[in-house]
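Asks: Provided below: upload-v8.txt, containing compact mmCIF, C-alpha atoms.
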# COMPACT_ATOMS: atom_id res chain seq x y z
CA MET A 1 36.82 58.32 -0.38
CA THR A 2 35.71 55.67 2.09
CA LEU A 3 32.51 55.92 4.13
CA ILE A 4 31.58 53.45 6.84
CA ILE A 5 27.98 53.25 7.99
CA LYS A 6 28.01 51.45 11.32
CA ASN A 7 25.63 50.17 13.99
CA ILE A 8 22.87 49.65 11.42
CA ARG A 9 19.80 48.18 13.09
CA GLN A 10 19.04 46.15 9.94
CA LEU A 11 20.86 46.10 6.61
CA LEU A 12 18.18 44.91 4.20
CA ASN A 13 18.24 43.11 0.85
CA VAL A 14 21.81 41.87 1.08
CA ARG A 15 22.52 39.45 -1.78
CA LYS A 16 25.40 37.54 -3.34
CA GLU A 17 23.30 36.49 -6.33
CA THR A 18 21.17 38.70 -8.53
CA ILE A 19 18.05 36.82 -9.56
CA LEU A 20 14.50 37.78 -10.52
CA LEU A 21 12.23 36.82 -7.62
CA ARG A 22 8.96 34.89 -7.91
CA LYS A 23 6.50 33.18 -5.57
CA LYS A 24 7.91 32.51 -2.06
CA ASP A 25 11.29 33.96 -3.02
CA LEU A 26 9.64 37.37 -3.32
CA ALA A 27 8.94 37.32 0.43
CA ASP A 28 12.54 36.45 1.30
CA LEU A 29 14.43 39.62 2.22
CA PRO A 30 17.94 38.72 3.44
CA CYS A 31 19.15 41.06 6.16
CA ILE A 32 21.93 41.52 8.69
CA GLU A 33 21.21 42.71 12.22
CA ASN A 34 23.59 45.19 13.88
CA ALA A 35 25.47 45.65 10.65
CA TYR A 36 28.02 47.84 8.93
CA LEU A 37 28.38 48.91 5.31
CA VAL A 38 31.55 50.18 3.64
CA ILE A 39 31.35 52.45 0.60
CA GLU A 40 34.47 52.98 -1.49
CA GLY A 41 33.97 55.79 -3.98
CA SER A 42 30.71 55.08 -5.80
CA GLU A 43 30.43 51.38 -4.96
CA ILE A 44 29.54 49.06 -2.12
CA ALA A 45 32.83 47.55 -0.99
CA GLU A 46 31.95 45.46 2.04
CA PHE A 47 29.26 44.74 4.60
CA GLY A 48 28.60 42.41 7.51
CA GLU A 49 27.96 42.17 11.23
CA MET A 50 29.50 44.89 13.38
CA ALA A 51 31.66 42.30 15.12
CA GLY A 52 33.46 41.77 11.82
CA LEU A 53 34.25 45.42 11.11
CA LYS A 54 38.02 45.84 10.84
CA TYR A 55 38.28 49.37 9.48
CA ASN A 56 39.66 52.01 11.79
CA ARG A 57 38.60 55.40 10.52
CA THR A 58 38.15 58.83 12.01
CA SER A 59 34.65 60.02 12.83
CA LYS A 60 34.40 62.12 9.67
CA ASP A 61 34.54 58.93 7.61
CA THR A 62 31.74 57.22 9.51
CA LEU A 63 28.01 57.47 9.90
CA ASP A 64 26.35 56.07 12.99
CA ALA A 65 23.07 54.45 11.93
CA SER A 66 21.98 53.26 15.37
CA GLY A 67 18.30 52.34 15.36
CA ARG A 68 18.05 52.84 11.61
CA LEU A 69 17.46 50.65 8.58
CA VAL A 70 19.61 50.76 5.46
CA PHE A 71 18.44 49.37 2.12
CA PRO A 72 18.79 49.94 -1.63
CA THR A 73 17.20 52.98 -3.22
CA TRP A 74 13.94 52.48 -5.08
CA CYS A 75 14.00 51.64 -8.79
CA ASP A 76 11.00 53.37 -10.35
CA SER A 77 10.57 51.49 -13.61
CA HIS A 78 7.51 53.34 -14.98
CA SER A 79 7.11 57.11 -14.92
CA HIS A 80 6.02 60.06 -17.06
CA LEU A 81 8.07 62.58 -15.11
CA VAL A 82 8.64 64.90 -18.09
CA PHE A 83 5.51 67.01 -18.51
CA ALA A 84 4.74 70.70 -18.84
CA GLU A 85 2.04 71.40 -16.26
CA SER A 86 -0.22 69.79 -13.68
CA ARG A 87 -3.86 68.89 -14.41
CA GLU A 88 -5.63 69.52 -11.13
CA GLU A 89 -8.70 70.88 -12.96
CA GLU A 90 -9.29 67.35 -14.24
CA PHE A 91 -8.93 66.09 -10.69
CA VAL A 92 -12.03 68.12 -9.87
CA ASP A 93 -13.79 66.70 -12.97
CA LYS A 94 -13.09 63.21 -11.68
CA ILE A 95 -14.57 64.11 -8.31
CA LYS A 96 -17.69 65.26 -10.17
CA GLY A 97 -17.95 61.84 -11.80
CA LEU A 98 -16.26 62.04 -15.19
CA SER A 99 -14.25 58.96 -16.15
CA TYR A 100 -10.68 58.82 -17.45
CA VAL A 101 -11.94 57.92 -20.95
CA GLU A 102 -14.61 60.67 -20.93
CA ILE A 103 -12.04 63.31 -20.01
CA ASN A 104 -9.75 62.12 -22.80
CA GLU A 105 -12.60 62.17 -25.35
CA ARG A 106 -13.28 65.84 -24.49
CA GLY A 107 -9.70 66.72 -25.39
CA GLY A 108 -8.47 66.50 -21.81
CA GLY A 109 -6.21 63.90 -20.29
CA ILE A 110 -3.21 62.95 -22.42
CA LEU A 111 -4.27 65.41 -25.13
CA ASN A 112 -4.32 68.22 -22.57
CA SER A 113 -0.74 67.45 -21.58
CA ALA A 114 0.28 67.20 -25.24
CA HIS A 115 -1.11 70.66 -25.91
CA LYS A 116 0.84 72.09 -22.98
CA VAL A 117 4.07 70.40 -24.13
CA SER A 118 3.63 71.93 -27.58
CA GLU A 119 3.52 75.42 -26.05
CA ILE A 120 6.57 75.16 -23.80
CA SER A 121 10.22 75.50 -24.80
CA GLU A 122 12.59 72.57 -24.49
CA ASP A 123 14.68 74.51 -21.97
CA GLU A 124 11.70 75.28 -19.74
CA LEU A 125 10.48 71.68 -19.99
CA PHE A 126 13.93 70.54 -18.87
CA ILE A 127 13.97 72.94 -15.90
CA ARG A 128 10.58 71.75 -14.63
CA SER A 129 11.47 68.10 -15.16
CA TRP A 130 14.80 68.53 -13.40
CA GLN A 131 13.03 69.91 -10.33
CA ARG A 132 10.79 66.84 -10.21
CA LEU A 133 13.75 64.51 -10.67
CA GLU A 134 15.59 66.11 -7.76
CA GLU A 135 12.46 65.79 -5.60
CA VAL A 136 12.07 62.05 -6.19
CA LYS A 137 15.80 61.52 -5.61
CA LYS A 138 15.46 63.01 -2.13
CA LEU A 139 12.55 60.59 -1.55
CA GLY A 140 14.84 57.65 -2.23
CA THR A 141 14.55 56.94 -5.95
CA GLY A 142 17.93 55.90 -7.32
CA ALA A 143 16.87 54.75 -10.79
CA ILE A 144 13.96 55.82 -12.94
CA GLU A 145 12.46 55.09 -16.34
CA ILE A 146 10.93 58.15 -18.02
CA LYS A 147 8.52 58.02 -20.96
CA SER A 148 7.67 60.46 -23.68
CA GLY A 149 4.04 60.44 -24.88
CA TYR A 150 2.90 63.99 -24.26
CA GLY A 151 4.28 65.15 -27.60
CA LEU A 152 2.08 63.19 -30.02
CA SER A 153 3.88 64.85 -32.94
CA LEU A 154 7.34 64.45 -34.38
CA GLU A 155 8.47 67.75 -32.86
CA GLY A 156 6.79 67.15 -29.51
CA GLU A 157 8.09 63.61 -29.02
CA LEU A 158 11.62 64.62 -29.98
CA LYS A 159 11.40 67.56 -27.56
CA MET A 160 10.47 65.26 -24.69
CA LEU A 161 13.08 62.62 -25.51
CA ARG A 162 15.79 65.26 -25.83
CA VAL A 163 14.84 66.53 -22.39
CA ILE A 164 15.15 63.00 -21.01
CA LYS A 165 18.57 62.71 -22.67
CA ARG A 166 19.62 65.96 -20.98
CA LEU A 167 18.39 64.62 -17.63
CA LYS A 168 20.47 61.50 -18.17
CA SER A 169 23.52 63.61 -18.87
CA LYS A 170 23.17 65.93 -15.88
CA SER A 171 21.76 63.63 -13.19
CA ASN A 172 23.67 61.04 -11.16
CA LEU A 173 20.57 58.83 -11.14
CA CYS A 174 20.34 55.84 -13.43
CA ILE A 175 17.76 56.88 -16.06
CA LYS A 176 16.16 54.87 -18.87
CA SER A 177 14.19 56.49 -21.70
CA THR A 178 11.05 55.11 -23.34
CA PHE A 179 9.36 56.31 -26.54
CA LEU A 180 5.58 56.43 -26.00
CA GLY A 181 4.38 58.21 -29.12
CA ALA A 182 1.52 55.71 -29.14
CA HIS A 183 0.00 57.15 -25.97
CA SER A 184 -3.16 58.56 -27.57
CA PHE A 185 -4.32 59.62 -31.02
CA PRO A 186 -3.96 63.38 -31.55
CA LEU A 187 -7.18 65.20 -32.45
CA ARG A 188 -6.20 65.57 -36.11
CA TYR A 189 -5.69 61.78 -36.33
CA ARG A 190 -8.65 60.73 -34.19
CA ILE A 191 -10.39 59.25 -37.26
CA ASP A 192 -7.26 58.70 -39.34
CA HIS A 193 -5.49 56.08 -37.20
CA ALA A 194 -3.51 54.80 -40.17
CA GLY A 195 -2.11 58.28 -40.74
CA TYR A 196 -0.78 58.56 -37.19
CA LEU A 197 0.69 55.06 -37.32
CA GLU A 198 2.48 56.05 -40.51
CA LEU A 199 3.88 59.09 -38.71
CA ILE A 200 5.17 56.91 -35.86
CA LEU A 201 6.65 54.25 -38.12
CA ASN A 202 8.10 56.37 -40.90
CA GLN A 203 9.13 59.58 -39.16
CA MET A 204 9.27 59.28 -35.36
CA LEU A 205 11.10 55.95 -35.03
CA PRO A 206 13.79 56.76 -37.65
CA ALA A 207 14.43 60.20 -36.06
CA ILE A 208 14.65 58.69 -32.57
CA ALA A 209 17.04 56.00 -33.78
CA GLU A 210 19.23 58.55 -35.55
CA GLU A 211 19.70 60.58 -32.35
CA GLY A 212 19.80 57.57 -30.01
CA LEU A 213 17.03 59.02 -27.86
CA ALA A 214 15.30 55.93 -26.46
CA ASP A 215 16.03 52.62 -24.75
CA TYR A 216 12.50 51.18 -25.02
CA VAL A 217 9.20 51.56 -26.85
CA ASP A 218 5.77 51.65 -25.20
CA VAL A 219 2.19 51.56 -26.49
CA PHE A 220 -1.00 52.32 -24.55
CA CYS A 221 -2.98 49.28 -25.68
CA GLU A 222 -6.52 49.88 -24.52
CA LYS A 223 -10.04 50.25 -25.88
CA GLY A 224 -10.39 53.80 -27.15
CA PHE A 225 -6.63 54.10 -27.62
CA PHE A 226 -4.37 51.65 -29.52
CA ASN A 227 -5.58 48.17 -30.43
CA ILE A 228 -3.54 44.97 -30.42
CA SER A 229 -2.75 45.05 -34.14
CA GLU A 230 -1.52 48.65 -33.90
CA MET A 231 0.61 47.79 -30.87
CA GLU A 232 2.17 44.84 -32.67
CA ASN A 233 2.97 46.92 -35.76
CA ILE A 234 4.70 49.59 -33.68
CA CYS A 235 6.66 47.12 -31.55
CA ASN A 236 7.83 45.11 -34.54
CA ALA A 237 9.01 48.26 -36.30
CA ALA A 238 10.71 49.55 -33.13
CA ARG A 239 12.53 46.27 -32.63
CA SER A 240 14.39 46.84 -35.90
CA THR A 241 15.81 50.02 -34.33
CA GLY A 242 16.86 48.19 -31.16
CA LEU A 243 13.98 49.22 -28.89
CA LYS A 244 12.47 46.59 -26.59
CA PRO A 245 8.78 46.81 -25.64
CA LYS A 246 7.58 47.97 -22.20
CA LEU A 247 3.81 48.10 -22.59
CA HIS A 248 0.70 49.65 -21.01
CA VAL A 249 -1.87 46.82 -20.93
CA ASN A 250 -5.02 45.81 -19.03
CA GLN A 251 -5.55 49.07 -17.21
CA LEU A 252 -9.22 49.30 -18.15
CA ASN A 253 -10.05 46.12 -20.06
CA SER A 254 -8.87 42.55 -20.70
CA PHE A 255 -8.98 41.74 -24.42
CA GLY A 256 -5.81 39.83 -25.30
CA ALA A 257 -3.14 42.49 -24.78
CA VAL A 258 -1.22 40.42 -22.21
CA GLU A 259 -0.94 37.49 -24.61
CA SER A 260 0.15 39.80 -27.40
CA GLY A 261 2.72 41.51 -25.17
CA VAL A 262 4.20 38.18 -24.17
CA ARG A 263 4.44 37.12 -27.82
CA LEU A 264 6.23 40.38 -28.56
CA GLY A 265 8.79 39.57 -25.87
CA ALA A 266 7.94 42.62 -23.78
CA LEU A 267 10.37 43.28 -20.97
CA THR A 268 7.45 44.48 -18.84
CA LEU A 269 3.67 44.57 -19.01
CA ASP A 270 2.45 47.47 -16.92
CA HIS A 271 -0.76 48.37 -15.05
CA LEU A 272 -2.65 45.01 -15.03
CA GLU A 273 -5.60 46.30 -13.00
CA VAL A 274 -8.04 44.17 -15.04
CA MET A 275 -6.76 40.58 -15.28
CA ASP A 276 -8.71 37.40 -15.91
CA ARG A 277 -7.45 33.92 -15.05
CA ASN A 278 -5.94 33.37 -18.49
CA ASP A 279 -4.07 36.70 -18.35
CA ILE A 280 -2.56 35.74 -15.01
CA GLN A 281 -1.45 32.31 -16.23
CA VAL A 282 0.01 33.69 -19.46
CA LEU A 283 2.07 36.26 -17.57
CA ALA A 284 3.13 33.73 -14.92
CA HIS A 285 4.55 31.39 -17.57
CA SER A 286 6.37 34.11 -19.47
CA GLY A 287 9.64 35.96 -19.19
CA SER A 288 7.86 39.32 -18.94
CA ILE A 289 7.66 41.23 -15.66
CA GLY A 290 4.31 42.57 -14.52
CA THR A 291 4.74 46.13 -13.26
CA LEU A 292 2.01 47.18 -10.84
CA LEU A 293 1.13 50.84 -10.39
CA PRO A 294 -1.10 51.04 -7.30
CA THR A 295 -1.04 54.84 -7.00
CA ALA A 296 -2.72 55.16 -10.41
CA ALA A 297 -5.55 52.85 -9.37
CA TYR A 298 -5.77 54.72 -6.07
CA PHE A 299 -5.97 58.14 -7.71
CA LEU A 300 -8.53 57.04 -10.31
CA GLY A 301 -10.64 55.12 -7.80
CA MET A 302 -10.19 51.89 -9.74
CA LYS A 303 -9.86 48.28 -8.70
CA MET A 304 -6.33 47.46 -7.58
CA PRO A 305 -4.20 45.03 -9.63
CA PRO A 306 -4.45 41.43 -8.33
CA ALA A 307 -1.00 41.21 -6.77
CA ARG A 308 -1.70 38.18 -4.60
CA GLN A 309 -3.05 36.10 -7.49
CA LEU A 310 -0.09 37.11 -9.65
CA ILE A 311 2.44 36.21 -6.97
CA GLU A 312 0.80 32.88 -6.19
CA ALA A 313 0.63 31.98 -9.88
CA GLY A 314 4.37 32.58 -10.21
CA ALA A 315 4.42 35.86 -12.13
CA ALA A 316 7.43 38.12 -11.63
CA ILE A 317 6.16 41.50 -10.47
CA SER A 318 7.66 44.90 -9.81
CA LEU A 319 6.29 48.16 -8.41
CA ALA A 320 6.51 51.66 -9.87
CA SER A 321 5.01 55.11 -9.39
CA ASP A 322 3.46 55.91 -12.80
CA TYR A 323 4.32 59.52 -11.92
CA ASN A 324 2.25 61.65 -14.32
CA PRO A 325 0.02 64.74 -14.16
CA GLY A 326 -3.26 62.97 -14.88
CA SER A 327 -3.59 59.69 -13.01
CA SER A 328 -0.69 59.51 -10.55
CA PRO A 329 0.66 62.98 -9.71
CA SER A 330 3.27 61.71 -7.26
CA GLY A 331 6.66 60.11 -7.70
CA ASN A 332 6.91 59.14 -4.03
CA MET A 333 7.95 55.48 -4.05
CA ASN A 334 7.57 55.34 -0.27
CA PHE A 335 3.83 55.79 -0.74
CA VAL A 336 3.88 53.14 -3.48
CA PHE A 337 5.55 50.84 -0.94
CA SER A 338 2.87 51.54 1.67
CA LEU A 339 -0.07 51.30 -0.72
CA SER A 340 1.20 47.97 -2.02
CA CYS A 341 1.02 46.58 1.50
CA ILE A 342 -2.25 48.25 2.46
CA GLN A 343 -4.25 47.75 -0.75
CA LEU A 344 -2.45 45.00 -2.73
CA LYS A 345 -1.97 42.90 0.43
CA MET A 346 1.71 42.43 -0.24
CA LEU A 347 4.00 41.66 2.67
CA PRO A 348 6.49 44.44 3.42
CA THR A 349 9.31 42.12 2.35
CA GLU A 350 7.52 41.35 -0.95
CA ALA A 351 6.89 45.02 -1.64
CA MET A 352 10.49 45.90 -0.82
CA ASN A 353 11.82 43.30 -3.25
CA ALA A 354 9.31 44.29 -5.94
CA ALA A 355 10.37 47.96 -5.70
CA THR A 356 14.12 47.27 -5.62
CA ILE A 357 15.64 44.12 -7.12
CA ASN A 358 12.69 43.10 -9.33
CA ALA A 359 12.21 46.71 -10.39
CA ALA A 360 15.90 46.84 -11.32
CA PHE A 361 15.27 43.87 -13.62
CA ALA A 362 12.33 45.80 -15.10
CA MET A 363 14.84 48.46 -16.18
CA GLU A 364 17.69 46.04 -17.00
CA VAL A 365 19.93 47.63 -14.36
CA GLU A 366 19.96 44.64 -12.00
CA GLN A 367 23.75 44.21 -12.28
CA LYS A 368 24.28 47.74 -10.95
CA LEU A 369 21.34 48.39 -8.60
CA GLY A 370 18.50 46.85 -6.62
CA SER A 371 20.32 45.10 -3.78
CA ILE A 372 23.10 45.50 -1.24
CA SER A 373 25.82 43.60 -3.08
CA VAL A 374 29.57 44.09 -3.32
CA GLY A 375 30.44 45.95 -6.51
CA LYS A 376 27.01 47.47 -7.06
CA ARG A 377 26.48 51.20 -6.96
CA ALA A 378 26.24 52.69 -3.49
CA ASN A 379 22.65 53.89 -3.97
CA ILE A 380 21.17 53.49 -0.52
CA ILE A 381 18.52 54.81 1.83
CA VAL A 382 19.16 55.42 5.52
CA THR A 383 15.96 55.73 7.51
CA LYS A 384 15.22 57.65 10.65
CA PRO A 385 15.15 55.45 13.78
CA VAL A 386 12.36 52.90 13.27
CA PRO A 387 11.49 49.66 15.09
CA SER A 388 11.12 47.49 11.97
CA LEU A 389 10.63 47.37 8.21
CA ALA A 390 6.86 47.01 8.64
CA PHE A 391 6.76 50.34 10.47
CA ILE A 392 7.56 52.16 7.19
CA PRO A 393 4.44 51.14 5.20
CA TYR A 394 2.41 51.20 8.42
CA SER A 395 3.27 54.89 8.93
CA PHE A 396 2.25 55.79 5.39
CA GLY A 397 1.90 59.51 6.00
CA THR A 398 5.28 60.04 7.65
CA ASN A 399 8.57 60.68 5.87
CA LEU A 400 10.93 58.21 7.53
CA ILE A 401 13.88 58.75 5.21
CA ASP A 402 16.83 60.41 6.90
CA GLN A 403 19.51 60.29 4.18
CA VAL A 404 19.86 59.14 0.59
CA PHE A 405 23.16 58.26 -1.06
CA ILE A 406 23.57 58.10 -4.84
CA ASN A 407 26.84 56.66 -6.15
CA GLY A 408 28.22 57.01 -2.65
CA GLU A 409 27.39 60.71 -2.42
CA ARG A 410 24.95 62.10 0.12
CA CYS A 411 22.05 63.92 -1.57
What's the structure tokens form of this structure?
Replies:
Amino acid sequence: MTLIIKNIRQLLNVRKETILLRKKDLADLPCIENAYLVIEGSEIAEFGEMAGLKYNRTSKDTLDASGRLVFPTWCDSHSHLVFAESREEEFVDKIKGLSYVEINERGGGILNSAHKVSEISEDELFIRSWQRLEEVKKLGTGAIEIKSGYGLSLEGELKMLRVIKRLKSKSNLCIKSTFLGAHSFPLRYRIDHAGYLELILNQMLPAIAEEGLADYVDVFCEKGFFNISEMENICNAARSTGLKPKLHVNQLNSFGAVESGVRLGALTLDHLEVMDRNDIQVLAHSGSIGTLLPTAAYFLGMKMPPARQLIEAGAAISLASDYNPGSSPSGNMNFVFSLSCIQLKMLPTEAMNAATINAAFAMEVEQKLGSISVGKRANIIVTKPVPSLAFIPYSFGTNLIDQVFINGERC
């Protein structure tokens, strides 16, 4: 089936080449004014200025996008979308003054979610996760990475990863799966760190490899969680099973995790709220992508990641939601887009690129998604009538998405 979207006010992020953007290139958002876009089946077939449109189709094959913007769907390269229940009671604890670490030490936080995952069936966990996945799709997310990490046992981690595999099979979104067994130490291993590492290395990783349940491995490298040596041991073992690292680093402290992650060849280093000058330079001169998660810093009342310093130093950065029940209970990438402009001081064009093409690189789906390019999947967002791109992050509390297409199909 052919669909023609015509009279587009601006067709954004149109590219012939697919490259990871840094420095000034991040602010360059190629666009076509008064444009058309042709979708053939599941792919983008053609686009250009309206004057060049040669197709003659009946009205049922066309969509009039007068006054509207059209751009690629968001690529959310860091999420924890599979979880059992919300944790709003901890939200109140935070308001009362308890810190993220203090809540975790009391058995809350990640351990709270792990307990709830242990009590729910795989089928029920899938149903709840599917509902969330459908919600973020309608908000414009066309690709998403989903982590485990609320299992913290062989059975629990396999349960979560099997749910993600089922989501991959049923959904038309592009989904990547990440094993995050090293998210926190379970209570029974709080003193016996070596015992839990042995469980990860000798039982979890072989079982995951046998079932083909993960694309990546992640470790929460932070004081009070996993140290650098533990992270390196896990990543080196995971590499032998074909899993690349995508790592949580520098959310609360700077103590060498960025350097270690770069040495490990991490595809992405995520969070980066606490970065010193050396961290910034190391990341800027590496092949790793820095994934910024502004909604987590917003929700926890923390300092925002230094986006401007990272961009100016030449680091490749992407944006993601960190959707999870404890520190970022929203998968709305439109709010991530707005917050990146408002709090990270990113230009709308920079934030758009960081949440689409660079974020596609952060999931290794850049050849299929992330830009308006001939042959890529027709995963696109059509806005309501708006005067400009900047109006979208400016109007942060308004849903300006009119339609979302995934693989050429209207959601």
Asks: Would you work out the distance separating CA of Ser327 in chain A from CA of Tyr150 in chain A, expressed in Å to one decimal?
Replies: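 Separation of CA of Ser327 in chain A and CA of Tyr150 in chain A: 13.7 Å.
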Asks: Go through range 91-161 of chain A residue by residue and, counting only C-alpha atoms, keep those with an atom at most 10 Å from range 353-357 of chain A; for each kept residue give the shortest atom pair and its distance in Å to one decimal, ordered by chain and increasing number, as a Markdown table.
Replies:
| residue | atom | partner | partner_atom | distance |
| --- | --- | --- | --- | --- |
| A:Thr141 | CA | A:Thr356 | CA | 9.7 |
| A:Gly142 | CA | A:Thr356 | CA | 9.6 |
| A:Ala143 | CA | A:Thr356 | CA | 9.5 |
Asks: Could you please determine the separation between CA of Glu312 in chain A and CA of Leu11 in chain A in Å, to one decimal place?
Replies: 27.2 Å
Asks: Compile the contact shell of Ala320 in chain A as an mmCIF file with C-alpha atoms, in the coordinates of the input: residues with an atom at most 6 Å away, counting only C-alpha atoms, same-chain residues fewer than 4 positions apart removed.
Replies:
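Writing the result to part.cif gives the following:
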data_model
loop_
_atom_site.group_PDB
_atom_site.id
_atom_site.type_symbol
_atom_site.label_atom_id
_atom_site.label_comp_id
_atom_site.auth_asym_id
_atom_site.auth_seq_id
_atom_site.Cartn_x
_atom_site.Cartn_y
_atom_site.Cartn_z
ATOM 1 C CA ASP A 76 11.000 53.370 -10.350
ATOM 2 C CA SER A 77 10.570 51.490 -13.610
ATOM 3 C CA HIS A 78 7.510 53.340 -14.980
ATOM 4 C CA LEU A 293 1.130 50.840 -10.390
#
Asks: Ranking A:Glu350, A:Asp61, A:Asp215, A:Glu222 by minimum distance to Val101 in chain A and counting all atoms listed in the file, which one comes first?
Replies: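 Answer, going by the shortest atom-to-atom distance: A:Glu222.
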Asks: In Å, with one decimal, what is the gap from CA of Glu273 in chain A to CA of Ser328 in chain A?
Replies: 14.3 Å
Asks: Which protein, DNA or RNA residues have an atom at most 10 Å from (10.8, 51.5, -1.8), counting only C-alpha atoms? List them as a ChimeraX atom specification.
Replies: /A:71-76,139-141,319-320,332-338,348,351-356,359,381,392-393
Asks: Could you add the missing atoms to range 167-185 of chain A, up to N, CA and C atoms, and return them as a tab-separated table (two decimals), keeping the file's coordinate frame?
Replies:
chain	number	residue	atom	x	y	z
A	167	LEU	N	18.47	65.06	-19.02
A	167	LEU	CA	18.39	64.62	-17.63
A	167	LEU	C	19.40	63.51	-17.37
A	168	LYS	N	19.49	62.58	-18.30
A	168	LYS	CA	20.47	61.50	-18.17
A	168	LYS	C	21.88	62.05	-18.03
A	169	SER	N	22.17	63.05	-18.84
A	169	SER	CA	23.52	63.61	-18.87
A	169	SER	C	23.86	64.37	-17.60
A	170	LYS	N	22.90	65.08	-17.04
A	170	LYS	CA	23.17	65.93	-15.88
A	170	LYS	C	23.02	65.20	-14.55
A	171	SER	N	22.09	64.27	-14.46
A	171	SER	CA	21.76	63.63	-13.19
A	171	SER	C	22.72	62.48	-12.87
A	172	ASN	N	22.91	62.22	-11.57
A	172	ASN	CA	23.67	61.04	-11.16
A	172	ASN	C	22.77	59.83	-10.92
A	173	LEU	N	21.47	59.98	-11.19
A	173	LEU	CA	20.57	58.83	-11.14
A	173	LEU	C	20.76	57.98	-12.39
A	174	CYS	N	20.38	56.72	-12.27
A	174	CYS	CA	20.34	55.84	-13.43
A	174	CYS	C	18.99	56.06	-14.11
A	175	ILE	N	18.99	56.51	-15.36
A	175	ILE	CA	17.76	56.88	-16.06
A	175	ILE	C	17.64	56.08	-17.36
A	176	LYS	N	16.48	55.52	-17.60
A	176	LYS	CA	16.16	54.87	-18.87
A	176	LYS	C	15.05	55.66	-19.56
A	177	SER	N	15.11	55.69	-20.90
A	177	SER	CA	14.19	56.49	-21.70
A	177	SER	C	13.31	55.59	-22.55
A	178	THR	N	12.01	55.91	-22.58
A	178	THR	CA	11.05	55.11	-23.34
A	178	THR	C	10.24	56.00	-24.27
A	179	PHE	N	10.16	55.61	-25.54
A	179	PHE	CA	9.36	56.31	-26.54
A	179	PHE	C	7.92	55.83	-26.46
A	180	LEU	N	7.00	56.74	-26.13
A	180	LEU	CA	5.58	56.43	-26.00
A	180	LEU	C	4.76	57.34	-26.92
A	181	GLY	N	5.17	57.44	-28.17
A	181	GLY	CA	4.38	58.21	-29.12
A	181	GLY	C	2.98	57.66	-29.28
A	182	ALA	N	2.83	56.36	-29.06
A	182	ALA	CA	1.52	55.71	-29.14
A	182	ALA	C	0.84	55.73	-27.78
A	183	HIS	N	0.64	56.95	-27.27
A	183	HIS	CA	0.00	57.15	-25.97
A	183	HIS	C	-1.49	57.46	-26.16
A	184	SER	N	-1.79	58.24	-27.19
A	184	SER	CA	-3.16	58.56	-27.57
A	184	SER	C	-3.12	59.07	-29.00
A	185	PHE	N	-4.26	59.06	-29.67
A	185	PHE	CA	-4.32	59.62	-31.02
A	185	PHE	C	-4.57	61.12	-30.93
